[in-house]
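K.L.:
This one is structure_15.cif, mmCIF, C-alpha atoms and all ligand atoms; chains and numbers go by the auth columns.
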data_input
#
loop_
_atom_site.group_PDB
_atom_site.id
_atom_site.type_symbol
_atom_site.label_atom_id
_atom_site.label_comp_id
_atom_site.label_asym_id
_atom_site.label_seq_id
_atom_site.Cartn_x
_atom_site.Cartn_y
_atom_site.Cartn_z
_atom_site.B_iso_or_equiv
_atom_site.auth_seq_id
_atom_site.auth_asym_id
ATOM 1 C CA MET A 1 0.000 0.000 0.000 0.00 1 A
ATOM 2 C CA GLY A 2 1.109 3.553 -0.676 0.00 2 A
ATOM 3 C CA LYS A 3 1.946 6.313 1.746 0.00 3 A
ATOM 4 C CA VAL A 4 -0.310 8.886 3.367 0.00 4 A
ATOM 5 C CA VAL A 5 1.142 12.364 2.800 0.00 5 A
ATOM 6 C CA ILE A 6 -0.139 15.600 4.313 0.00 6 A
ATOM 7 C CA ASP A 7 0.619 18.244 1.698 0.00 7 A
ATOM 8 C CA MET A 8 -0.172 21.907 2.393 0.00 8 A
ATOM 9 C CA SER A 9 1.050 25.454 1.985 0.00 9 A
ATOM 10 C CA MET A 10 1.629 27.136 5.336 0.00 10 A
ATOM 11 C CA SER A 11 2.724 30.518 6.653 0.00 11 A
ATOM 12 C CA LEU A 12 5.834 30.708 8.799 0.00 12 A
ATOM 13 C CA ASP A 13 3.580 31.142 11.849 0.00 13 A
ATOM 14 C CA GLY A 14 1.664 27.968 11.068 0.00 14 A
ATOM 15 C CA PHE A 15 -1.536 29.033 9.292 0.00 15 A
ATOM 16 C CA ILE A 16 -2.952 27.290 6.204 0.00 16 A
ATOM 17 C CA ALA A 17 -5.680 29.918 5.718 0.00 17 A
ATOM 18 C CA GLY A 18 -6.562 33.335 7.074 0.00 18 A
ATOM 19 C CA LEU A 19 -9.778 34.214 8.874 0.00 19 A
ATOM 20 C CA HIS A 20 -13.186 34.201 7.143 0.00 20 A
ATOM 21 C CA ASP A 21 -12.443 31.738 4.369 0.00 21 A
ATOM 22 C CA SER A 22 -15.215 31.423 1.809 0.00 22 A
ATOM 23 C CA GLN A 23 -15.810 30.628 -1.857 0.00 23 A
ATOM 24 C CA GLU A 24 -14.964 34.279 -2.581 0.00 24 A
ATOM 25 C CA GLN A 25 -11.655 34.097 -0.688 0.00 25 A
ATOM 26 C CA PRO A 26 -10.814 30.374 -0.393 0.00 26 A
ATOM 27 C CA LEU A 27 -7.718 30.959 1.721 0.00 27 A
ATOM 28 C CA GLY A 28 -9.326 33.645 3.905 0.00 28 A
ATOM 29 C CA GLU A 29 -8.239 37.203 4.628 0.00 29 A
ATOM 30 C CA ASN A 30 -4.694 37.811 3.368 0.00 30 A
ATOM 31 C CA GLY A 31 -4.400 34.064 2.708 0.00 31 A
ATOM 32 C CA ALA A 32 -3.974 34.120 -1.077 0.00 32 A
ATOM 33 C CA VAL A 33 -0.231 34.609 -0.522 0.00 33 A
ATOM 34 C CA LEU A 34 -0.087 30.984 0.664 0.00 34 A
ATOM 35 C CA HIS A 35 -0.650 29.760 -2.885 0.00 35 A
ATOM 36 C CA SER A 36 1.337 32.518 -4.626 0.00 36 A
ATOM 37 C CA TRP A 37 4.136 30.014 -5.357 0.00 37 A
ATOM 38 C CA LEU A 38 1.719 28.244 -7.710 0.00 38 A
ATOM 39 C CA PHE A 39 1.296 31.388 -9.824 0.00 39 A
ATOM 40 C CA ASN A 40 4.588 33.309 -9.729 0.00 40 A
ATOM 41 C CA GLY A 41 6.326 31.743 -12.741 0.00 41 A
ATOM 42 C CA ASP A 42 5.771 31.255 -16.438 0.00 42 A
ATOM 43 C CA MET A 43 5.807 27.446 -16.757 0.00 43 A
ATOM 44 C CA VAL A 44 2.755 25.199 -16.645 0.00 44 A
ATOM 45 C CA SER A 45 2.325 21.930 -14.817 0.00 45 A
ATOM 46 C CA LYS A 46 1.981 18.867 -17.004 0.00 46 A
ATOM 47 C CA HIS A 47 -1.243 18.205 -15.092 0.00 47 A
ATOM 48 C CA SER A 48 -2.886 21.585 -15.449 0.00 48 A
ATOM 49 C CA THR A 49 -2.406 24.832 -17.328 0.00 49 A
ATOM 50 C CA PHE A 50 -4.048 26.625 -14.392 0.00 50 A
ATOM 51 C CA PHE A 51 -0.802 26.943 -12.450 0.00 51 A
ATOM 52 C CA LYS A 52 2.016 29.275 -13.556 0.00 52 A
ATOM 53 C CA LEU A 53 5.218 28.038 -12.015 0.00 53 A
ATOM 54 C CA THR A 54 8.935 28.530 -11.811 0.00 54 A
ATOM 55 C CA SER A 55 10.959 25.518 -12.914 0.00 55 A
ATOM 56 C CA GLU A 56 11.718 24.362 -9.330 0.00 56 A
ATOM 57 C CA ASN A 57 8.115 24.819 -8.217 0.00 57 A
ATOM 58 C CA ARG A 58 6.815 22.999 -11.271 0.00 58 A
ATOM 59 C CA ASP A 59 9.041 20.021 -10.439 0.00 59 A
ATOM 60 C CA VAL A 60 7.720 19.981 -6.867 0.00 60 A
ATOM 61 C CA LEU A 61 4.086 20.208 -7.952 0.00 61 A
ATOM 62 C CA ASP A 62 4.387 17.689 -10.782 0.00 62 A
ATOM 63 C CA CYS A 63 6.201 15.230 -8.537 0.00 63 A
ATOM 64 C CA SER A 64 3.401 15.537 -5.987 0.00 64 A
ATOM 65 C CA LEU A 65 0.621 15.158 -8.558 0.00 65 A
ATOM 66 C CA ASP A 66 2.463 12.292 -10.338 0.00 66 A
ATOM 67 C CA SER A 67 2.708 10.337 -7.100 0.00 67 A
ATOM 68 C CA GLU A 68 -0.875 10.891 -5.971 0.00 68 A
ATOM 69 C CA GLY A 69 -3.304 7.984 -6.333 0.00 69 A
ATOM 70 C CA ALA A 70 -6.108 9.458 -4.217 0.00 70 A
ATOM 71 C CA GLY A 71 -6.886 12.651 -2.331 0.00 71 A
ATOM 72 C CA LEU A 72 -8.499 13.083 1.072 0.00 72 A
ATOM 73 C CA THR A 73 -9.853 16.310 2.490 0.00 73 A
ATOM 74 C CA GLY A 74 -12.678 17.646 4.636 0.00 74 A
ATOM 75 C CA ARG A 75 -16.068 18.985 3.739 0.00 75 A
ATOM 76 C CA ARG A 76 -15.043 22.610 4.408 0.00 76 A
ATOM 77 C CA THR A 77 -12.307 22.483 1.768 0.00 77 A
ATOM 78 C CA PHE A 78 -14.629 20.684 -0.653 0.00 78 A
ATOM 79 C CA ASP A 79 -17.336 23.346 -0.221 0.00 79 A
ATOM 80 C CA ILE A 80 -14.946 26.304 -0.356 0.00 80 A
ATOM 81 C CA VAL A 81 -13.431 25.231 -3.675 0.00 81 A
ATOM 82 C CA GLY A 82 -16.835 24.316 -5.076 0.00 82 A
ATOM 83 C CA GLY A 83 -15.786 20.667 -5.319 0.00 83 A
ATOM 84 C CA TRP A 84 -13.142 21.772 -7.880 0.00 84 A
ATOM 85 C CA GLY A 85 -15.996 21.819 -10.390 0.00 85 A
ATOM 86 C CA GLY A 86 -15.802 18.010 -10.324 0.00 86 A
ATOM 87 C CA SER A 87 -12.211 17.951 -11.644 0.00 87 A
ATOM 88 C CA PRO A 88 -9.499 18.523 -9.012 0.00 88 A
ATOM 89 C CA PRO A 89 -5.894 19.029 -10.199 0.00 89 A
ATOM 90 C CA GLY A 90 -4.251 15.636 -10.563 0.00 90 A
ATOM 91 C CA GLY A 91 -7.555 13.945 -11.261 0.00 91 A
ATOM 92 C CA SER A 92 -7.196 11.101 -8.779 0.00 92 A
ATOM 93 C CA PRO A 93 -10.245 9.813 -6.850 0.00 93 A
ATOM 94 C CA MET A 94 -11.245 12.182 -4.023 0.00 94 A
ATOM 95 C CA PHE A 95 -12.468 11.196 -0.563 0.00 95 A
ATOM 96 C CA ILE A 96 -14.302 13.816 1.497 0.00 96 A
ATOM 97 C CA LEU A 97 -14.835 13.491 5.249 0.00 97 A
ATOM 98 C CA THR A 98 -18.288 14.756 6.136 0.00 98 A
ATOM 99 C CA HIS A 99 -21.174 14.227 8.528 0.00 99 A
ATOM 100 C CA TYR A 100 -23.690 15.182 5.813 0.00 100 A
ATOM 101 C CA PRO A 101 -22.949 14.003 2.256 0.00 101 A
ATOM 102 C CA PRO A 102 -24.369 16.449 -0.307 0.00 102 A
ATOM 103 C CA GLU A 103 -27.484 15.346 -2.148 0.00 103 A
ATOM 104 C CA ASP A 104 -26.154 16.988 -5.251 0.00 104 A
ATOM 105 C CA PHE A 105 -22.742 18.246 -6.416 0.00 105 A
ATOM 106 C CA MET A 106 -21.013 19.071 -9.679 0.00 106 A
ATOM 107 C CA GLU A 107 -19.618 15.864 -11.109 0.00 107 A
ATOM 108 C CA GLY A 108 -16.748 15.751 -13.586 0.00 108 A
ATOM 109 C CA ASP A 109 -14.144 13.169 -14.555 0.00 109 A
ATOM 110 C CA THR A 110 -13.055 12.470 -10.982 0.00 110 A
ATOM 111 C CA PRO A 111 -14.861 10.019 -8.701 0.00 111 A
ATOM 112 C CA PHE A 112 -15.872 11.517 -5.322 0.00 112 A
ATOM 113 C CA THR A 113 -16.616 9.452 -2.217 0.00 113 A
ATOM 114 C CA PHE A 114 -18.161 11.056 0.878 0.00 114 A
ATOM 115 C CA VAL A 115 -17.008 9.280 4.025 0.00 115 A
ATOM 116 C CA THR A 116 -19.141 9.559 7.172 0.00 116 A
ATOM 117 C CA ASP A 117 -17.567 6.927 9.416 0.00 117 A
ATOM 118 C CA GLY A 118 -14.331 8.593 10.434 0.00 118 A
ATOM 119 C CA ILE A 119 -10.704 9.146 9.519 0.00 119 A
ATOM 120 C CA GLU A 120 -9.622 5.499 9.747 0.00 120 A
ATOM 121 C CA SER A 121 -12.298 4.471 7.275 0.00 121 A
ATOM 122 C CA ALA A 122 -11.481 7.409 4.996 0.00 122 A
ATOM 123 C CA ILE A 123 -7.786 6.511 4.908 0.00 123 A
ATOM 124 C CA LYS A 124 -8.560 2.825 4.371 0.00 124 A
ATOM 125 C CA GLN A 125 -10.832 3.594 1.414 0.00 125 A
ATOM 126 C CA ALA A 126 -8.440 6.163 -0.056 0.00 126 A
ATOM 127 C CA LYS A 127 -5.491 3.763 0.261 0.00 127 A
ATOM 128 C CA ALA A 128 -7.452 1.037 -1.500 0.00 128 A
ATOM 129 C CA ALA A 129 -8.193 3.451 -4.368 0.00 129 A
ATOM 130 C CA ALA A 130 -4.591 4.704 -4.513 0.00 130 A
ATOM 131 C CA GLY A 131 -3.023 1.230 -4.731 0.00 131 A
ATOM 132 C CA ASN A 132 0.726 1.689 -4.378 0.00 132 A
ATOM 133 C CA LYS A 133 0.472 5.444 -4.944 0.00 133 A
ATOM 134 C CA VAL A 134 0.151 8.248 -2.386 0.00 134 A
ATOM 135 C CA VAL A 135 -2.958 9.401 -0.551 0.00 135 A
ATOM 136 C CA GLY A 136 -2.616 13.202 -0.483 0.00 136 A
ATOM 137 C CA VAL A 137 -4.243 14.773 2.567 0.00 137 A
ATOM 138 C CA SER A 138 -5.304 18.402 2.928 0.00 138 A
ATOM 139 C CA GLY A 139 -7.531 20.499 5.198 0.00 139 A
ATOM 140 C CA ALA A 140 -6.336 21.331 8.707 0.00 140 A
ATOM 141 C CA SER A 141 -8.942 19.314 10.591 0.00 141 A
ATOM 142 C CA THR A 142 -8.463 16.333 8.290 0.00 142 A
ATOM 143 C CA ALA A 143 -4.668 16.494 8.582 0.00 143 A
ATOM 144 C CA GLN A 144 -4.844 16.803 12.394 0.00 144 A
ATOM 145 C CA GLN A 145 -7.068 13.727 12.657 0.00 145 A
ATOM 146 C CA CYS A 146 -4.683 11.842 10.437 0.00 146 A
ATOM 147 C CA LEU A 147 -1.706 12.754 12.623 0.00 147 A
ATOM 148 C CA ALA A 148 -3.572 12.087 15.879 0.00 148 A
ATOM 149 C CA ALA A 149 -4.549 8.624 14.653 0.00 149 A
ATOM 150 C CA GLY A 150 -0.960 7.850 13.627 0.00 150 A
ATOM 151 C CA LEU A 151 -2.002 7.450 9.981 0.00 151 A
ATOM 152 C CA ALA A 152 0.316 9.973 8.296 0.00 152 A
ATOM 153 C CA ASP A 153 3.622 8.760 6.809 0.00 153 A
ATOM 154 C CA GLU A 154 4.950 12.095 5.568 0.00 154 A
ATOM 155 C CA ILE A 155 4.292 15.828 5.840 0.00 155 A
ATOM 156 C CA HIS A 156 5.127 18.069 2.891 0.00 156 A
ATOM 157 C CA ILE A 157 4.988 21.755 3.793 0.00 157 A
ATOM 158 C CA HIS A 158 5.289 24.565 1.279 0.00 158 A
ATOM 159 C CA LEU A 159 6.471 27.211 3.715 0.00 159 A
ATOM 160 C CA ILE A 160 5.646 30.783 2.793 0.00 160 A
ATOM 161 C CA PRO A 161 7.717 33.636 4.251 0.00 161 A
ATOM 162 C CA VAL A 162 4.796 35.508 5.752 0.00 162 A
ATOM 163 C CA LEU A 163 3.458 35.874 9.287 0.00 163 A
ATOM 164 C CA LEU A 164 -0.293 35.676 8.767 0.00 164 A
ATOM 165 C CA GLY A 165 -1.085 36.364 12.420 0.00 165 A
ATOM 166 C CA LYS A 166 -4.622 34.925 12.380 0.00 166 A
ATOM 167 C CA GLY A 167 -6.491 32.124 10.726 0.00 167 A
ATOM 168 C CA ILE A 168 -6.616 28.327 10.659 0.00 168 A
ATOM 169 C CA ARG A 169 -3.604 26.612 12.164 0.00 169 A
ATOM 170 C CA LEU A 170 -2.350 23.372 10.654 0.00 170 A
ATOM 171 C CA PHE A 171 -0.906 21.903 13.835 0.00 171 A
ATOM 172 C CA GLU A 172 -3.617 22.611 16.400 0.00 172 A
ATOM 173 C CA SER A 173 -4.716 20.315 19.221 0.00 173 A
ATOM 174 C CA LEU A 174 -2.399 17.389 18.620 0.00 174 A
ATOM 175 C CA PRO A 175 -2.636 14.936 21.506 0.00 175 A
ATOM 176 C CA GLU A 176 1.076 14.277 21.866 0.00 176 A
ATOM 177 C CA GLN A 177 4.521 15.094 20.534 0.00 177 A
ATOM 178 C CA ILE A 178 5.195 13.769 17.051 0.00 178 A
ATOM 179 C CA GLN A 179 8.800 13.338 15.926 0.00 179 A
ATOM 180 C CA LEU A 180 9.695 14.191 12.361 0.00 180 A
ATOM 181 C CA GLU A 181 12.735 13.516 10.205 0.00 181 A
ATOM 182 C CA LEU A 182 13.669 15.989 7.485 0.00 182 A
ATOM 183 C CA MET A 183 14.052 14.152 4.165 0.00 183 A
ATOM 184 C CA ARG A 184 14.497 16.973 1.636 0.00 184 A
ATOM 185 C CA ILE A 185 14.369 20.747 1.210 0.00 185 A
ATOM 186 C CA VAL A 186 13.778 22.630 -2.038 0.00 186 A
ATOM 187 C CA THR A 187 14.075 26.392 -1.940 0.00 187 A
ATOM 188 C CA ASP A 188 12.762 28.827 -4.467 0.00 188 A
ATOM 189 C CA MET A 189 11.787 32.455 -4.531 0.00 189 A
ATOM 190 C CA ASP A 190 8.966 33.015 -2.016 0.00 190 A
ATOM 191 C CA VAL A 191 8.672 29.381 -0.850 0.00 191 A
ATOM 192 C CA THR A 192 10.632 26.670 0.932 0.00 192 A
ATOM 193 C CA HIS A 193 9.404 23.125 0.319 0.00 193 A
ATOM 194 C CA LEU A 194 9.998 20.926 3.379 0.00 194 A
ATOM 195 C CA PHE A 195 9.558 17.157 3.162 0.00 195 A
ATOM 196 C CA TYR A 196 9.329 15.285 6.472 0.00 196 A
ATOM 197 C CA HIS A 197 8.962 11.636 7.379 0.00 197 A
ATOM 198 C CA VAL A 198 6.707 11.033 10.415 0.00 198 A
ATOM 199 C CA LYS A 199 8.656 8.790 12.779 0.00 199 A
HETATM 200 N N1 LIG B . -2.933 26.068 2.498 0.00 201 B
HETATM 201 C C1 LIG B . -3.279 24.988 1.814 0.00 201 B
HETATM 202 O O1 LIG B . -2.460 24.339 1.140 0.00 201 B
HETATM 203 C C2 LIG B . -4.698 24.507 1.859 0.00 201 B
HETATM 204 C C3 LIG B . -5.046 23.310 1.223 0.00 201 B
HETATM 205 C C4 LIG B . -6.351 22.852 1.337 0.00 201 B
HETATM 206 C C5 LIG B . -7.283 23.586 2.070 0.00 201 B
HETATM 207 N N2 LIG B . -6.901 24.756 2.643 0.00 201 B
HETATM 208 C C6 LIG B . -7.840 25.547 3.419 0.00 201 B
HETATM 209 O O2 LIG B . -8.124 24.833 4.606 0.00 201 B
HETATM 210 C C7 LIG B . -9.369 25.310 5.109 0.00 201 B
HETATM 211 C C8 LIG B . -10.244 24.105 5.435 0.00 201 B
HETATM 212 O O3 LIG B . -9.630 23.346 6.467 0.00 201 B
HETATM 213 P P1 LIG B . -10.490 23.003 7.784 0.00 201 B
HETATM 214 O O4 LIG B . -9.572 22.360 8.747 0.00 201 B
HETATM 215 O O5 LIG B . -11.232 24.220 8.207 0.00 201 B
HETATM 216 O O6 LIG B . -11.588 21.983 7.256 0.00 201 B
HETATM 217 P P2 LIG B . -11.532 20.598 6.441 0.00 201 B
HETATM 218 O O7 LIG B . -10.566 19.652 7.057 0.00 201 B
HETATM 219 O O8 LIG B . -11.405 20.889 4.985 0.00 201 B
HETATM 220 O O9 LIG B . -13.052 20.120 6.686 0.00 201 B
HETATM 221 C C9 LIG B . -13.552 19.989 7.994 0.00 201 B
HETATM 222 C C10 LIG B . -14.972 19.470 7.882 0.00 201 B
HETATM 223 O O10 LIG B . -14.977 18.130 7.407 0.00 201 B
HETATM 224 C C11 LIG B . -15.969 17.375 8.082 0.00 201 B
HETATM 225 N N3 LIG B . -15.264 16.394 8.911 0.00 201 B
HETATM 226 C C12 LIG B . -13.998 16.487 9.421 0.00 201 B
HETATM 227 N N4 LIG B . -13.690 15.391 10.120 0.00 201 B
HETATM 228 C C13 LIG B . -14.778 14.575 10.064 0.00 201 B
HETATM 229 C C14 LIG B . -15.053 13.282 10.587 0.00 201 B
HETATM 230 N N5 LIG B . -14.148 12.603 11.309 0.00 201 B
HETATM 231 N N6 LIG B . -16.262 12.723 10.323 0.00 201 B
HETATM 232 C C15 LIG B . -17.164 13.390 9.553 0.00 201 B
HETATM 233 N N7 LIG B . -16.957 14.627 9.034 0.00 201 B
HETATM 234 C C16 LIG B . -15.774 15.211 9.291 0.00 201 B
HETATM 235 C C17 LIG B . -16.740 18.360 8.935 0.00 201 B
HETATM 236 O O11 LIG B . -17.744 18.939 8.104 0.00 201 B
HETATM 237 P P3 LIG B . -19.320 18.595 8.204 0.00 201 B
HETATM 238 O O12 LIG B . -19.624 18.315 9.648 0.00 201 B
HETATM 239 O O13 LIG B . -19.988 19.840 7.690 0.00 201 B
HETATM 240 O O14 LIG B . -19.579 17.451 7.321 0.00 201 B
HETATM 241 C C18 LIG B . -15.688 19.416 9.230 0.00 201 B
HETATM 242 O O15 LIG B . -16.226 20.669 9.554 0.00 201 B
HETATM 243 C C19 LIG B . -9.970 26.172 4.005 0.00 201 B
HETATM 244 O O16 LIG B . -9.712 27.526 4.304 0.00 201 B
HETATM 245 C C20 LIG B . -9.173 25.762 2.782 0.00 201 B
HETATM 246 O O17 LIG B . -9.156 26.770 1.787 0.00 201 B
HETATM 247 C C21 LIG B . -5.635 25.222 2.569 0.00 201 B
#
Here is a file; write its structure as structure tokens.
Ligand SMILES: NC(=O)c1ccc[n+]([C@@H]2O[C@H](COP(=O)([O-])OP(=O)(O)OC[C@H]3O[C@@H](n4cnc5c(N)ncnc54)[C@H](OP(=O)(O)O)[C@@H]3O)[C@@H](O)[C@H]2O)c1
P.N.:
Amino acid sequence: MGKVVIDMSMSLDGFIAGLHDSQEQPLGENGAVLHSWLFNGDMVSKHSTFFKLTSENRDVLDCSLDSEGAGLTGRRTFDIVGGWGGSPPGGSPMFILTHYPPEDFMEGDTPFTFVTDGIESAIKQAKAAAGNKVVGVSGASTAQQCLAAGLADEIHIHLIPVLLGKGIRLFESLPEQIQLELMRIVTDMDVTHLFYHVK
């Protein structure tokens, strides 16, 4: 079975979104800077022409999307991005943790599964779909549950040199210390990509 990788852009003070996130401002107040590394170059990803990347950032993104066999996130992220219009970048099957599956949502090429029986079940189903590829995890609540349950193998942080001050913290309310081992660093203008193994 493949690995479970938490993969998110984060401010230096630990936020993955600002306050008052919504469909109008998906990353909250002042939060758009967190994804600026995806749009500050002139090269496109092989997976999507949406992103405009520097060469280093394109390699990081393409490597991540190449390795992904399934995605897992929470209902807040799903709603805020409008379910990616049914076609998330990467195109692998998506699993959404929710208490209330939507009766209706925009369907595209990508299969969506709404999981109501907890993080363990969500990871099990996503791993089965991913085969020997990676389950990419995003959403702060979803990532925290994954870490708390000991289900995450790696954490990939795209660290943005900004102090957001307020918003949604990635590492909130973890029940105990979690030891990490740094595997790789890639630096580029306006972002440092940090790749950790969860011990
Ligand atoms: N910086 C980045 O790279 C990045 C990447 C992705 C997302 N984001 C941002 O992250 C924010 C969303 O993160 P978040 O932590 O607020 O929310 P989230 O993890 O996306 O979703 C949380 C929601 O999922 C459902 N849920 C979570 N755990 C569940 C469980 N065990 N069983 C059933 N349902 C469960 C609940 O919704 P219901 O009770 O309503 O079903 C919960 O409110 C957004 O601002 C988004 O734009 C940032």
K.L.:
How close does each residue of segment 15-128 of chain A get to segment 162-177 of chain A, giving the shortest atom pair and distance in Å to one decimal for every residue with an atom at most 9 Å away, counting only C-alpha atoms, sorted by chain and residue number, as CSV?
P.N.:
residue,atom,partner,partner_atom,distance
A:Phe15,CA,A:Arg169,CA,4.3
A:Ile16,CA,A:Ile168,CA,5.9
A:Ala17,CA,A:Ile168,CA,5.3
A:Gly18,CA,A:Gly167,CA,3.8
A:Leu19,CA,A:Gly167,CA,4.3
A:His20,CA,A:Gly167,CA,7.9
A:Asp21,CA,A:Gly167,CA,8.7
A:Gly28,CA,A:Gly167,CA,7.5
A:Glu29,CA,A:Gly167,CA,8.1
A:Asn30,CA,A:Leu164,CA,7.3
A:Gly31,CA,A:Leu164,CA,7.5
A:Val33,CA,A:Val162,CA,8.1
A:Leu34,CA,A:Val162,CA,8.4
K.L.:
Evaluate the PyMOL selection byres (((chain A and resi 161) around 7) and not hetatm) here and jot the selected residues down as number ranges by chain.
P.N.:
A: 11-12, 159-160, 162-163, 190-191
K.L.:
Which residues sit within 8 Å of ligand LIG 201 (chain B), counting only C-alpha atoms and all ligand atoms, listed as a PyMOL selection string?
P.N.:
chain A and resi 7-10+15-18+21-22+26-28+34-35+73-78+80-81+96-101+115-119+138-143+145+158+168+170
K.L.:
Can you measure atom CA of Gly2 of chain A to atom CA of Val134 of chain A for me? One decimal in Å is fine.
P.N.:
5.1 Å
K.L.:
Enumerate, as a list in words, the residues matched when the PyMOL selection byres (((chain A and resi 199) around 8) and not hetatm) is run on the file above.
P.N.:
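Written out, the selection comes to Asp153, Ile178, Gln179, Leu180, Glu181, His197 and Val198 of chain A.
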K.L.:
Which is closest to Phe39 of chain A among A:Glu24, A:Gly14, A:Ile157, A:Leu61, if we use only C-alpha atoms?
P.N.:
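Looking at the shortest contact to Phe39 of chain A, the residue is A:Leu61.
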K.L.:
Convert the output of the PyMOL selection byres (((chain A and resi 3) around 10) and not hetatm) on the shown file into explicit residues, formatted as a PyMOL selection string.
P.N.:
chain A and resi 1-2+4-6+67-69+127+130-136+151-154
K.L.:
So that all listed atoms of segment 56-65 of chain A fit with 5 Å spare on each side, what axis-aligned box centre and edge lengths in Å, to one decimal, would you give as JSON?
P.N.:
{"center_x": 6.2, "center_y": 20.0, "center_z": -8.6, "size_x": 21.1, "size_y": 19.7, "size_z": 15.3}
K.L.:
To one decimal place, how far is atom CA of Val186 of chain A from atom CA of Leu53 of chain A in Å?
P.N.:
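The value is 14.2 Å.
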K.L.:
Please complete segment 123-137 of chain A with N, CA, C and O atoms and give it back as a JSON list (two decimals), keeping the file's coordinate frame.
P.N.:
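Contents of part-v3.json, freshly written:
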[["chain", "number", "residue", "atom", "x", "y", "z"],
["A", 123, "ILE", "N", -9.14, 6.87, 5.35],
["A", 123, "ILE", "CA", -7.79, 6.51, 4.91],
["A", 123, "ILE", "C", -7.78, 5.11, 4.29],
["A", 123, "ILE", "O", -7.14, 4.88, 3.25],
["A", 124, "LYS", "N", -8.51, 4.20, 4.90],
["A", 124, "LYS", "CA", -8.56, 2.82, 4.37],
["A", 124, "LYS", "C", -9.12, 2.82, 2.94],
["A", 124, "LYS", "O", -8.57, 2.20, 2.04],
["A", 125, "GLN", "N", -10.21, 3.55, 2.74],
["A", 125, "GLN", "CA", -10.83, 3.59, 1.41],
["A", 125, "GLN", "C", -9.93, 4.31, 0.41],
["A", 125, "GLN", "O", -9.80, 3.89, -0.74],
["A", 126, "ALA", "N", -9.32, 5.41, 0.86],
["A", 126, "ALA", "CA", -8.44, 6.16, -0.06],
["A", 126, "ALA", "C", -7.21, 5.33, -0.43],
["A", 126, "ALA", "O", -6.78, 5.33, -1.59],
["A", 127, "LYS", "N", -6.66, 4.61, 0.55],
["A", 127, "LYS", "CA", -5.49, 3.76, 0.26],
["A", 127, "LYS", "C", -5.85, 2.66, -0.74],
["A", 127, "LYS", "O", -5.07, 2.35, -1.64],
["A", 128, "ALA", "N", -7.03, 2.10, -0.57],
["A", 128, "ALA", "CA", -7.45, 1.04, -1.50],
["A", 128, "ALA", "C", -7.56, 1.60, -2.92],
["A", 128, "ALA", "O", -7.18, 0.95, -3.89],
["A", 129, "ALA", "N", -8.06, 2.82, -3.04],
["A", 129, "ALA", "CA", -8.19, 3.45, -4.37],
["A", 129, "ALA", "C", -6.83, 3.82, -4.93],
["A", 129, "ALA", "O", -6.61, 3.74, -6.15],
["A", 130, "ALA", "N", -5.90, 4.22, -4.06],
["A", 130, "ALA", "CA", -4.59, 4.70, -4.51],
["A", 130, "ALA", "C", -3.65, 3.57, -4.91],
["A", 130, "ALA", "O", -2.67, 3.80, -5.62],
["A", 131, "GLY", "N", -3.92, 2.36, -4.43],
["A", 131, "GLY", "CA", -3.02, 1.23, -4.73],
["A", 131, "GLY", "C", -1.66, 1.49, -4.13],
["A", 131, "GLY", "O", -1.55, 1.79, -2.94],
["A", 132, "ASN", "N", -0.61, 1.43, -4.94],
["A", 132, "ASN", "CA", 0.73, 1.69, -4.38],
["A", 132, "ASN", "C", 1.12, 3.16, -4.50],
["A", 132, "ASN", "O", 2.27, 3.52, -4.27],
["A", 133, "LYS", "N", 0.17, 4.01, -4.85],
["A", 133, "LYS", "CA", 0.47, 5.44, -4.94],
["A", 133, "LYS", "C", 0.06, 6.15, -3.65],
["A", 133, "LYS", "O", -0.49, 5.55, -2.73],
["A", 134, "VAL", "N", 0.32, 7.46, -3.62],
["A", 134, "VAL", "CA", 0.15, 8.25, -2.39],
["A", 134, "VAL", "C", -1.30, 8.68, -2.19],
["A", 134, "VAL", "O", -2.01, 8.99, -3.15],
["A", 135, "VAL", "N", -1.72, 8.71, -0.92],
["A", 135, "VAL", "CA", -2.96, 9.40, -0.55],
["A", 135, "VAL", "C", -2.55, 10.80, -0.09],
["A", 135, "VAL", "O", -1.84, 10.95, 0.91],
["A", 136, "GLY", "N", -2.95, 11.81, -0.83],
["A", 136, "GLY", "CA", -2.62, 13.20, -0.48],
["A", 136, "GLY", "C", -3.69, 13.79, 0.41],
["A", 136, "GLY", "O", -4.87, 13.77, 0.05],
["A", 137, "VAL", "N", -3.28, 14.28, 1.57],
["A", 137, "VAL", "CA", -4.24, 14.77, 2.57],
["A", 137, "VAL", "C", -4.13, 16.29, 2.68],
["A", 137, "VAL", "O", -3.03, 16.83, 2.79]]
